[in-house]
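Asks: First the structure, which I've put down as structure tokens, then a few questions once you've had a look.
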Amino acid sequence: MPRYMLDTNMCIYLMKSQPESVARRFAQCFVGDVVMSAITYAELEFGVRASADPDRERANLAALVEDIPVADFGVQAGMAYGPIRMATRERKKDHLDKLIAAHAISLEVRLVTNNERDFAKYPGVITENWITPTDTRR
């Protein structure tokens, strides 16, 4: 059972091997502890296609998903999205973040992100930052 879901920024940090604190923290996890959302994977796919060197970035993404499985966005995640969207319905941005947050809630995992403030608005999400020495529990 996974314990953590990596936000897109954490996956990018791992693909670029910086900052080192993220790689060190990831190395402390056991196989199966960490997943990424299918929504994050979609964002990373876009990044590959938009990059200056798609071949290199495709290889980096392929290596990443060897270590971090992509979790399917299923019915439970869809159900968790409703309350998040209602609580933040005045905000017209961040729809992908809302979906990622809902996915983390549905899997009952911590969302590892460097954008804790962005996710703080979403009820029920528990975040952790592998860059800063302290984490945020909600």
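In the structure tokens, chains take letters A, B, ... by order of appearance, with residues numbered from 1 within each chain and ligands from 1 in the order shown.
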Can you tell me, as an MDAnalysis selection string, which residues in range 76-116 of chain A count as alpha helix (DSSP H) by DSSP?
Replies: chainID A and resid 76:87 95:107 116
Asks: What's the 12 Å shell around Phe30 in chain A, counting only C-alpha atoms, without same-chain residues fewer than 4 positions away, as a list in words?
Replies: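 The neighbour list is Met1, Pro2, Arg3, Tyr4, Arg25, Phe26, Val34, Val35, Asp67 and Ile68 of chain A.
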Asks: Keeping all heavy atoms, export the residues of the selection given above as a PDB file, in the first residue's frame.
Replies:
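And here's selection-v2.pdb as it stands now:
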ATOM      1  N   MET A   1       0.845  -1.181   0.000  1.00  0.00           N
ATOM      2  CA  MET A   1       0.000   0.000   0.000  1.00  0.00           C
ATOM      3  C   MET A   1       0.890   1.245   0.000  1.00  0.00           C
ATOM      4  O   MET A   1       1.767   1.371   0.856  1.00  0.00           O
ATOM      5  CB  MET A   1      -0.889  -0.037   1.244  1.00  0.00           C
ATOM      6  CG  MET A   1      -1.802   1.131   1.380  1.00  0.00           C
ATOM      7  SD  MET A   1      -3.372   0.726   0.627  1.00  0.00           S
ATOM      8  CE  MET A   1      -4.282   2.167   1.036  1.00  0.00           C
ATOM      9  N   PRO A   2       0.679   2.153  -0.949  1.00  0.00           N
ATOM     10  CA  PRO A   2       1.521   3.353  -0.981  1.00  0.00           C
ATOM     11  C   PRO A   2       1.282   4.259   0.222  1.00  0.00           C
ATOM     12  O   PRO A   2       0.198   4.261   0.807  1.00  0.00           O
ATOM     13  CB  PRO A   2       1.109   4.045  -2.283  1.00  0.00           C
ATOM     14  CG  PRO A   2      -0.235   3.520  -2.609  1.00  0.00           C
ATOM     15  CD  PRO A   2      -0.311   2.151  -2.018  1.00  0.00           C
ATOM     16  N   ARG A   3       2.300   5.010   0.573  1.00  0.00           N
ATOM     17  CA  ARG A   3       2.215   5.986   1.668  1.00  0.00           C
ATOM     18  C   ARG A   3       2.287   7.417   1.153  1.00  0.00           C
ATOM     19  O   ARG A   3       1.859   8.335   1.832  1.00  0.00           O
ATOM     20  CB  ARG A   3       3.351   5.748   2.656  1.00  0.00           C
ATOM     21  CG  ARG A   3       3.273   4.399   3.337  1.00  0.00           C
ATOM     22  CD  ARG A   3       4.470   4.112   4.236  1.00  0.00           C
ATOM     23  NE  ARG A   3       4.872   5.265   5.008  1.00  0.00           N
ATOM     24  CZ  ARG A   3       6.119   5.483   5.414  1.00  0.00           C
ATOM     25  NH1 ARG A   3       7.076   4.632   5.110  1.00  0.00           N
ATOM     26  NH2 ARG A   3       6.422   6.535   6.127  1.00  0.00           N
ATOM     27  N   TYR A   4       2.878   7.583  -0.035  1.00  0.00           N
ATOM     28  CA  TYR A   4       3.102   8.911  -0.583  1.00  0.00           C
ATOM     29  C   TYR A   4       2.682   8.978  -2.048  1.00  0.00           C
ATOM     30  O   TYR A   4       2.853   8.008  -2.787  1.00  0.00           O
ATOM     31  CB  TYR A   4       4.588   9.284  -0.518  1.00  0.00           C
ATOM     32  CG  TYR A   4       5.177   9.225   0.859  1.00  0.00           C
ATOM     33  CD1 TYR A   4       5.973   8.158   1.244  1.00  0.00           C
ATOM     34  CD2 TYR A   4       4.951  10.246   1.780  1.00  0.00           C
ATOM     35  CE1 TYR A   4       6.533   8.102   2.508  1.00  0.00           C
ATOM     36  CE2 TYR A   4       5.504  10.199   3.048  1.00  0.00           C
ATOM     37  CZ  TYR A   4       6.289   9.116   3.404  1.00  0.00           C
ATOM     38  OH  TYR A   4       6.828   9.072   4.660  1.00  0.00           O
ATOM     39  N   ARG A  25      15.534  11.794   0.204  1.00  0.00           N
ATOM     40  CA  ARG A  25      14.300  11.393   0.899  1.00  0.00           C
ATOM     41  C   ARG A  25      13.622  10.245   0.164  1.00  0.00           C
ATOM     42  O   ARG A  25      13.130   9.302   0.786  1.00  0.00           O
ATOM     43  CB  ARG A  25      13.369  12.607   1.036  1.00  0.00           C
ATOM     44  CG  ARG A  25      12.079  12.313   1.763  1.00  0.00           C
ATOM     45  CD  ARG A  25      12.346  11.893   3.215  1.00  0.00           C
ATOM     46  NE  ARG A  25      11.115  11.553   3.874  1.00  0.00           N
ATOM     47  CZ  ARG A  25      10.556  10.353   3.873  1.00  0.00           C
ATOM     48  NH1 ARG A  25      11.134   9.347   3.240  1.00  0.00           N
ATOM     49  NH2 ARG A  25       9.426  10.141   4.498  1.00  0.00           N
ATOM     50  N   PHE A  26      13.604  10.302  -1.145  1.00  0.00           N
ATOM     51  CA  PHE A  26      13.016   9.221  -1.939  1.00  0.00           C
ATOM     52  C   PHE A  26      13.774   7.911  -1.701  1.00  0.00           C
ATOM     53  O   PHE A  26      13.166   6.845  -1.588  1.00  0.00           O
ATOM     54  CB  PHE A  26      13.010   9.585  -3.423  1.00  0.00           C
ATOM     55  CG  PHE A  26      12.489   8.493  -4.304  1.00  0.00           C
ATOM     56  CD1 PHE A  26      11.158   8.113  -4.261  1.00  0.00           C
ATOM     57  CD2 PHE A  26      13.331   7.834  -5.183  1.00  0.00           C
ATOM     58  CE1 PHE A  26      10.673   7.094  -5.064  1.00  0.00           C
ATOM     59  CE2 PHE A  26      12.863   6.818  -5.991  1.00  0.00           C
ATOM     60  CZ  PHE A  26      11.529   6.453  -5.932  1.00  0.00           C
ATOM     61  N   VAL A  34       5.753   4.782  -2.763  1.00  0.00           N
ATOM     62  CA  VAL A  34       5.551   6.024  -3.511  1.00  0.00           C
ATOM     63  C   VAL A  34       4.872   5.741  -4.848  1.00  0.00           C
ATOM     64  O   VAL A  34       5.264   4.815  -5.565  1.00  0.00           O
ATOM     65  CB  VAL A  34       6.908   6.728  -3.758  1.00  0.00           C
ATOM     66  CG1 VAL A  34       6.724   8.029  -4.519  1.00  0.00           C
ATOM     67  CG2 VAL A  34       7.630   6.976  -2.442  1.00  0.00           C
ATOM     68  N   VAL A  35       3.874   6.552  -5.156  1.00  0.00           N
ATOM     69  CA  VAL A  35       3.211   6.506  -6.464  1.00  0.00           C
ATOM     70  C   VAL A  35       3.099   7.929  -7.003  1.00  0.00           C
ATOM     71  O   VAL A  35       3.321   8.899  -6.284  1.00  0.00           O
ATOM     72  CB  VAL A  35       1.794   5.873  -6.390  1.00  0.00           C
ATOM     73  CG1 VAL A  35       1.854   4.427  -5.946  1.00  0.00           C
ATOM     74  CG2 VAL A  35       0.867   6.684  -5.508  1.00  0.00           C
ATOM     75  N   ASP A  67      10.588   3.376 -11.306  1.00  0.00           N
ATOM     76  CA  ASP A  67      10.718   3.436  -9.845  1.00  0.00           C
ATOM     77  C   ASP A  67       9.448   3.886  -9.144  1.00  0.00           C
ATOM     78  O   ASP A  67       9.250   3.579  -7.971  1.00  0.00           O
ATOM     79  CB  ASP A  67      11.847   4.400  -9.453  1.00  0.00           C
ATOM     80  CG  ASP A  67      13.217   3.897  -9.861  1.00  0.00           C
ATOM     81  OD1 ASP A  67      13.405   2.670  -9.945  1.00  0.00           O
ATOM     82  OD2 ASP A  67      14.095   4.738 -10.104  1.00  0.00           O
ATOM     83  N   ILE A  68       8.618   4.648  -9.852  1.00  0.00           N
ATOM     84  CA  ILE A  68       7.413   5.224  -9.238  1.00  0.00           C
ATOM     85  C   ILE A  68       6.208   4.847 -10.101  1.00  0.00           C
ATOM     86  O   ILE A  68       5.995   5.430 -11.164  1.00  0.00           O
ATOM     87  CB  ILE A  68       7.525   6.757  -9.116  1.00  0.00           C
ATOM     88  CG1 ILE A  68       8.769   7.123  -8.309  1.00  0.00           C
ATOM     89  CG2 ILE A  68       6.263   7.338  -8.481  1.00  0.00           C
ATOM     90  CD1 ILE A  68       9.099   8.594  -8.319  1.00  0.00           C
TER      91      ILE A  68
END
Asks: Measure the distance from CA of Asn60 in chain A to CA of Asp33 in chain A in Å and round it to one decimal.
Replies: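 CA of Asp33 in chain A lies at a distance of 20.4 Å from CA of Asn60 in chain A.
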Asks: With the cut-off set at 9 Å and counting only C-alpha atoms, tabulate each residue of range 27-56 of chain A with an atom at most that distance from an atom of range 69-74 of chain A, showing the nearest atom pair and its distance in Å to one decimal, ordered by chain and increasing number, as a Markdown table.
Replies:
| residue | atom | partner | partner_atom | distance |
| --- | --- | --- | --- | --- |
| A:Gly32 | CA | A:Pro69 | CA | 8.0 |
| A:Val34 | CA | A:Pro69 | CA | 7.5 |
| A:Val35 | CA | A:Pro69 | CA | 5.1 |
| A:Met36 | CA | A:Val70 | CA | 5.0 |
| A:Ser37 | CA | A:Ala71 | CA | 5.1 |
| A:Ala38 | CA | A:Asp72 | CA | 5.5 |
| A:Ile39 | CA | A:Phe73 | CA | 7.5 |
| A:Thr40 | CA | A:Val70 | CA | 8.5 |
| A:Tyr41 | CA | A:Val70 | CA | 7.0 |
Asks: Under the rule that only C-alpha atoms are counted, which of A:Glu45, A:Asp118, A:Asp55, A:Glu108 is the nearest residue to Asp94 in chain A?
Replies: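 Once distances to Asp94 in chain A are computed over only C-alpha atoms, the minimum belongs to A:Asp118.
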Asks: Neighbours of Lys121 in chain A within 10 Å (only C-alpha atoms; same-chain residues fewer than 2 positions away dropped), as a PyMOL selection string?
Replies: chain A and resi 84+87-88+98+116-119+123-125
Asks: Write a file of the just-selected residues containing all heavy atoms, as an mmCIF file, in the first residue's frame.
Replies:
data_model
loop_
_atom_site.group_PDB
_atom_site.id
_atom_site.type_symbol
_atom_site.label_atom_id
_atom_site.label_comp_id
_atom_site.auth_asym_id
_atom_site.auth_seq_id
_atom_site.Cartn_x
_atom_site.Cartn_y
_atom_site.Cartn_z
ATOM 1 N N ILE A 84 -13.645 18.856 -2.848
ATOM 2 C CA ILE A 84 -12.533 19.792 -3.090
ATOM 3 C C ILE A 84 -12.985 20.893 -4.040
ATOM 4 O O ILE A 84 -12.752 22.080 -3.801
ATOM 5 C CB ILE A 84 -11.308 19.045 -3.651
ATOM 6 C CG1 ILE A 84 -10.671 18.205 -2.559
ATOM 7 C CG2 ILE A 84 -10.298 20.019 -4.247
ATOM 8 C CD1 ILE A 84 -9.559 17.309 -3.035
ATOM 9 N N ALA A 87 -15.384 23.311 -2.267
ATOM 10 C CA ALA A 87 -14.725 24.185 -1.296
ATOM 11 C C ALA A 87 -13.929 25.299 -1.970
ATOM 12 O O ALA A 87 -13.661 26.330 -1.349
ATOM 13 C CB ALA A 87 -13.808 23.363 -0.389
ATOM 14 N N THR A 88 -13.561 25.094 -3.223
ATOM 15 C CA THR A 88 -12.730 26.074 -3.934
ATOM 16 C C THR A 88 -13.375 26.500 -5.253
ATOM 17 O O THR A 88 -12.678 26.888 -6.181
ATOM 18 C CB THR A 88 -11.331 25.493 -4.194
ATOM 19 O OG1 THR A 88 -11.463 24.296 -4.975
ATOM 20 C CG2 THR A 88 -10.609 25.179 -2.900
ATOM 21 N N LYS A 98 -6.365 20.212 -8.111
ATOM 22 C CA LYS A 98 -7.547 19.700 -7.409
ATOM 23 C C LYS A 98 -7.728 18.212 -7.675
ATOM 24 O O LYS A 98 -8.066 17.441 -6.768
ATOM 25 C CB LYS A 98 -8.791 20.474 -7.830
ATOM 26 C CG LYS A 98 -8.785 21.908 -7.360
ATOM 27 C CD LYS A 98 -9.950 22.686 -7.935
ATOM 28 C CE LYS A 98 -9.828 24.151 -7.566
ATOM 29 N NZ LYS A 98 -10.873 24.974 -8.152
ATOM 30 N N GLU A 116 2.976 23.555 -0.986
ATOM 31 C CA GLU A 116 2.066 23.279 0.124
ATOM 32 C C GLU A 116 0.962 24.321 0.231
ATOM 33 O O GLU A 116 -0.188 23.984 0.535
ATOM 34 C CB GLU A 116 2.848 23.224 1.435
ATOM 35 C CG GLU A 116 3.826 22.075 1.481
ATOM 36 C CD GLU A 116 4.836 22.249 2.587
ATOM 37 O OE1 GLU A 116 5.706 23.130 2.459
ATOM 38 O OE2 GLU A 116 4.732 21.502 3.571
ATOM 39 N N ARG A 117 1.303 25.572 -0.010
ATOM 40 C CA ARG A 117 0.306 26.634 0.115
ATOM 41 C C ARG A 117 -0.841 26.431 -0.885
ATOM 42 O O ARG A 117 -1.997 26.656 -0.555
ATOM 43 C CB ARG A 117 0.961 27.991 -0.104
ATOM 44 C CG ARG A 117 0.078 29.118 0.356
ATOM 45 C CD ARG A 117 0.724 30.482 0.310
ATOM 46 N NE ARG A 117 2.156 30.489 0.161
ATOM 47 C CZ ARG A 117 2.845 31.406 -0.501
ATOM 48 N NH1 ARG A 117 2.222 32.400 -1.071
ATOM 49 N NH2 ARG A 117 4.149 31.352 -0.581
ATOM 50 N N ASP A 118 -0.515 25.998 -2.086
ATOM 51 C CA ASP A 118 -1.554 25.753 -3.092
ATOM 52 C C ASP A 118 -2.520 24.657 -2.641
ATOM 53 O O ASP A 118 -3.719 24.762 -2.830
ATOM 54 C CB ASP A 118 -0.937 25.348 -4.429
ATOM 55 C CG ASP A 118 -0.153 26.466 -5.085
ATOM 56 O OD1 ASP A 118 -0.293 27.639 -4.654
ATOM 57 O OD2 ASP A 118 0.607 26.177 -6.020
ATOM 58 N N PHE A 119 -1.990 23.607 -2.039
ATOM 59 C CA PHE A 119 -2.818 22.477 -1.648
ATOM 60 C C PHE A 119 -3.509 22.673 -0.304
ATOM 61 O O PHE A 119 -4.422 21.927 0.035
ATOM 62 C CB PHE A 119 -1.994 21.186 -1.656
ATOM 63 C CG PHE A 119 -1.697 20.693 -3.036
ATOM 64 C CD1 PHE A 119 -0.501 21.009 -3.665
ATOM 65 C CD2 PHE A 119 -2.626 19.934 -3.735
ATOM 66 C CE1 PHE A 119 -0.232 20.573 -4.958
ATOM 67 C CE2 PHE A 119 -2.370 19.491 -5.023
ATOM 68 C CZ PHE A 119 -1.168 19.822 -5.634
ATOM 69 N N PRO A 123 -9.734 20.720 1.233
ATOM 70 C CA PRO A 123 -10.051 19.990 2.471
ATOM 71 C C PRO A 123 -9.675 18.516 2.387
ATOM 72 O O PRO A 123 -9.933 17.859 1.390
ATOM 73 C CB PRO A 123 -11.562 20.178 2.615
ATOM 74 C CG PRO A 123 -12.069 20.524 1.260
ATOM 75 C CD PRO A 123 -10.937 21.199 0.544
ATOM 76 N N GLY A 124 -9.040 18.047 3.468
ATOM 77 C CA GLY A 124 -8.735 16.624 3.575
ATOM 78 C C GLY A 124 -7.380 16.213 3.066
ATOM 79 O O GLY A 124 -6.962 15.071 3.264
ATOM 80 N N VAL A 125 -6.669 17.102 2.396
ATOM 81 C CA VAL A 125 -5.368 16.740 1.837
ATOM 82 C C VAL A 125 -4.292 16.875 2.916
ATOM 83 O O VAL A 125 -4.308 17.805 3.700
ATOM 84 C CB VAL A 125 -5.060 17.629 0.612
ATOM 85 C CG1 VAL A 125 -3.770 18.346 0.684
ATOM 86 C CG2 VAL A 125 -5.093 16.856 -0.639
#
Asks: Counting only C-alpha atoms, what is within 12 Å of Tyr122 in chain A, bar same-chain residues fewer than 6 positions away, as number ranges by chain?
Replies: A: 80-89, 91, 94-95, 97-105, 111, 116, 138
Asks: Calculate how many Å separate CA of Gln18 in chain A from CA of Thr127 in chain A, rounding to one decimal.
Replies: 20.0 Å
Asks: Using Å and a single decimal, report how far CA of Leu14 in chain A sits from CA of Lys93 in chain A.
Replies: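 That distance, rounded to one decimal, is 25.7 Å.
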Asks: Give the strand (DSSP E or B) residues of chain A, as DSSP finds them on the backbone, and put them as an mmCIF file with all heavy atoms, in the first residue's frame.
Replies:
data_model
loop_
_atom_site.group_PDB
_atom_site.id
_atom_site.type_symbol
_atom_site.label_atom_id
_atom_site.label_comp_id
_atom_site.auth_asym_id
_atom_site.auth_seq_id
_atom_site.Cartn_x
_atom_site.Cartn_y
_atom_site.Cartn_z
ATOM 1 N N TYR A 4 2.878 7.583 -0.035
ATOM 2 C CA TYR A 4 3.102 8.911 -0.583
ATOM 3 C C TYR A 4 2.682 8.978 -2.048
ATOM 4 O O TYR A 4 2.853 8.008 -2.787
ATOM 5 C CB TYR A 4 4.588 9.284 -0.518
ATOM 6 C CG TYR A 4 5.177 9.225 0.859
ATOM 7 C CD1 TYR A 4 5.973 8.158 1.244
ATOM 8 C CD2 TYR A 4 4.951 10.246 1.780
ATOM 9 C CE1 TYR A 4 6.533 8.102 2.508
ATOM 10 C CE2 TYR A 4 5.504 10.199 3.048
ATOM 11 C CZ TYR A 4 6.289 9.116 3.404
ATOM 12 O OH TYR A 4 6.828 9.072 4.660
ATOM 13 N N MET A 5 2.197 10.150 -2.442
ATOM 14 C CA MET A 5 1.957 10.449 -3.850
ATOM 15 C C MET A 5 2.765 11.699 -4.164
ATOM 16 O O MET A 5 2.669 12.703 -3.452
ATOM 17 C CB MET A 5 0.478 10.712 -4.118
ATOM 18 C CG MET A 5 0.199 11.125 -5.556
ATOM 19 S SD MET A 5 -1.565 11.349 -5.863
ATOM 20 C CE MET A 5 -2.063 9.622 -5.958
ATOM 21 N N LEU A 6 3.574 11.628 -5.201
ATOM 22 C CA LEU A 6 4.407 12.766 -5.561
ATOM 23 C C LEU A 6 3.653 13.712 -6.487
ATOM 24 O O LEU A 6 3.075 13.293 -7.490
ATOM 25 C CB LEU A 6 5.689 12.307 -6.262
ATOM 26 C CG LEU A 6 6.609 11.394 -5.475
ATOM 27 C CD1 LEU A 6 7.895 11.168 -6.250
ATOM 28 C CD2 LEU A 6 6.909 11.951 -4.100
ATOM 29 N N VAL A 34 5.753 4.782 -2.763
ATOM 30 C CA VAL A 34 5.551 6.024 -3.511
ATOM 31 C C VAL A 34 4.872 5.741 -4.848
ATOM 32 O O VAL A 34 5.264 4.815 -5.565
ATOM 33 C CB VAL A 34 6.908 6.728 -3.758
ATOM 34 C CG1 VAL A 34 6.724 8.029 -4.519
ATOM 35 C CG2 VAL A 34 7.630 6.976 -2.442
ATOM 36 N N VAL A 35 3.874 6.552 -5.156
ATOM 37 C CA VAL A 35 3.211 6.506 -6.464
ATOM 38 C C VAL A 35 3.099 7.929 -7.003
ATOM 39 O O VAL A 35 3.321 8.899 -6.284
ATOM 40 C CB VAL A 35 1.794 5.873 -6.390
ATOM 41 C CG1 VAL A 35 1.854 4.427 -5.946
ATOM 42 C CG2 VAL A 35 0.867 6.684 -5.508
ATOM 43 N N MET A 36 2.738 8.017 -8.263
ATOM 44 C CA MET A 36 2.344 9.302 -8.838
ATOM 45 C C MET A 36 0.954 9.130 -9.424
ATOM 46 O O MET A 36 0.573 8.024 -9.836
ATOM 47 C CB MET A 36 3.335 9.796 -9.893
ATOM 48 C CG MET A 36 3.195 9.167 -11.259
ATOM 49 S SD MET A 36 4.232 9.907 -12.532
ATOM 50 C CE MET A 36 5.823 9.248 -12.117
ATOM 51 N N SER A 37 0.215 10.197 -9.432
ATOM 52 C CA SER A 37 -1.125 10.177 -10.000
ATOM 53 C C SER A 37 -1.053 10.108 -11.525
ATOM 54 O O SER A 37 -0.115 10.640 -12.142
ATOM 55 C CB SER A 37 -1.870 11.452 -9.586
ATOM 56 O OG SER A 37 -3.096 11.554 -10.263
ATOM 57 N N VAL A 70 2.521 4.569 -11.697
ATOM 58 C CA VAL A 70 1.454 5.528 -11.972
ATOM 59 C C VAL A 70 0.149 4.925 -11.467
ATOM 60 O O VAL A 70 -0.258 3.843 -11.911
ATOM 61 C CB VAL A 70 1.356 5.841 -13.475
ATOM 62 C CG1 VAL A 70 0.200 6.794 -13.752
ATOM 63 C CG2 VAL A 70 2.675 6.414 -13.991
ATOM 64 N N ALA A 71 -0.507 5.615 -10.537
ATOM 65 C CA ALA A 71 -1.779 5.141 -9.982
ATOM 66 C C ALA A 71 -2.922 5.625 -10.867
ATOM 67 O O ALA A 71 -2.980 6.801 -11.230
ATOM 68 C CB ALA A 71 -1.958 5.666 -8.557
ATOM 69 N N ARG A 110 -0.086 10.706 1.779
ATOM 70 C CA ARG A 110 0.415 12.079 1.856
ATOM 71 C C ARG A 110 0.782 12.536 0.451
ATOM 72 O O ARG A 110 1.420 11.791 -0.291
ATOM 73 C CB ARG A 110 1.674 12.156 2.716
ATOM 74 C CG ARG A 110 1.418 11.961 4.165
ATOM 75 C CD ARG A 110 2.736 12.103 4.940
ATOM 76 N NE ARG A 110 2.455 11.899 6.333
ATOM 77 C CZ ARG A 110 2.040 12.854 7.144
ATOM 78 N NH1 ARG A 110 1.912 14.077 6.717
ATOM 79 N NH2 ARG A 110 1.769 12.593 8.397
ATOM 80 N N LEU A 111 0.437 13.764 0.153
ATOM 81 C CA LEU A 111 0.828 14.363 -1.114
ATOM 82 C C LEU A 111 2.139 15.104 -0.894
ATOM 83 O O LEU A 111 2.201 16.047 -0.110
ATOM 84 C CB LEU A 111 -0.253 15.309 -1.625
ATOM 85 C CG LEU A 111 0.052 15.991 -2.941
ATOM 86 C CD1 LEU A 111 0.210 14.953 -4.055
ATOM 87 C CD2 LEU A 111 -1.026 16.983 -3.289
ATOM 88 N N VAL A 112 3.184 14.672 -1.562
ATOM 89 C CA VAL A 112 4.504 15.278 -1.416
ATOM 90 C C VAL A 112 4.626 16.361 -2.482
ATOM 91 O O VAL A 112 4.567 16.080 -3.681
ATOM 92 C CB VAL A 112 5.628 14.231 -1.563
ATOM 93 C CG1 VAL A 112 6.995 14.891 -1.396
ATOM 94 C CG2 VAL A 112 5.432 13.105 -0.553
ATOM 95 N N THR A 127 -0.242 17.119 3.273
ATOM 96 C CA THR A 127 0.940 17.364 2.453
ATOM 97 C C THR A 127 2.218 17.159 3.252
ATOM 98 O O THR A 127 2.220 17.204 4.484
ATOM 99 C CB THR A 127 0.944 18.797 1.883
ATOM 100 O OG1 THR A 127 0.942 19.733 2.959
ATOM 101 C CG2 THR A 127 -0.239 19.037 0.977
ATOM 102 N N GLU A 128 3.269 16.949 2.510
ATOM 103 C CA GLU A 128 4.610 16.846 3.069
ATOM 104 C C GLU A 128 5.559 17.411 2.026
ATOM 105 O O GLU A 128 5.352 17.218 0.829
ATOM 106 C CB GLU A 128 4.937 15.382 3.359
ATOM 107 C CG GLU A 128 6.246 15.174 4.070
ATOM 108 C CD GLU A 128 6.416 13.748 4.557
ATOM 109 O OE1 GLU A 128 5.503 13.214 5.220
ATOM 110 O OE2 GLU A 128 7.476 13.170 4.277
ATOM 111 N N THR A 136 3.853 19.476 6.651
ATOM 112 C CA THR A 136 2.576 20.074 7.030
ATOM 113 C C THR A 136 1.553 18.965 7.151
ATOM 114 O O THR A 136 1.375 18.193 6.226
ATOM 115 C CB THR A 136 2.118 21.079 5.951
ATOM 116 O OG1 THR A 136 3.154 22.036 5.771
ATOM 117 C CG2 THR A 136 0.853 21.778 6.345
#
Asks: Tell me, as a ChimeraX atom specification, which residues lie within 10 Å of Ala42 in chain A, counting only C-alpha atoms; anything in the same chain fewer than 5 positions away does not count.
Replies: /A:8,37,47-48,96
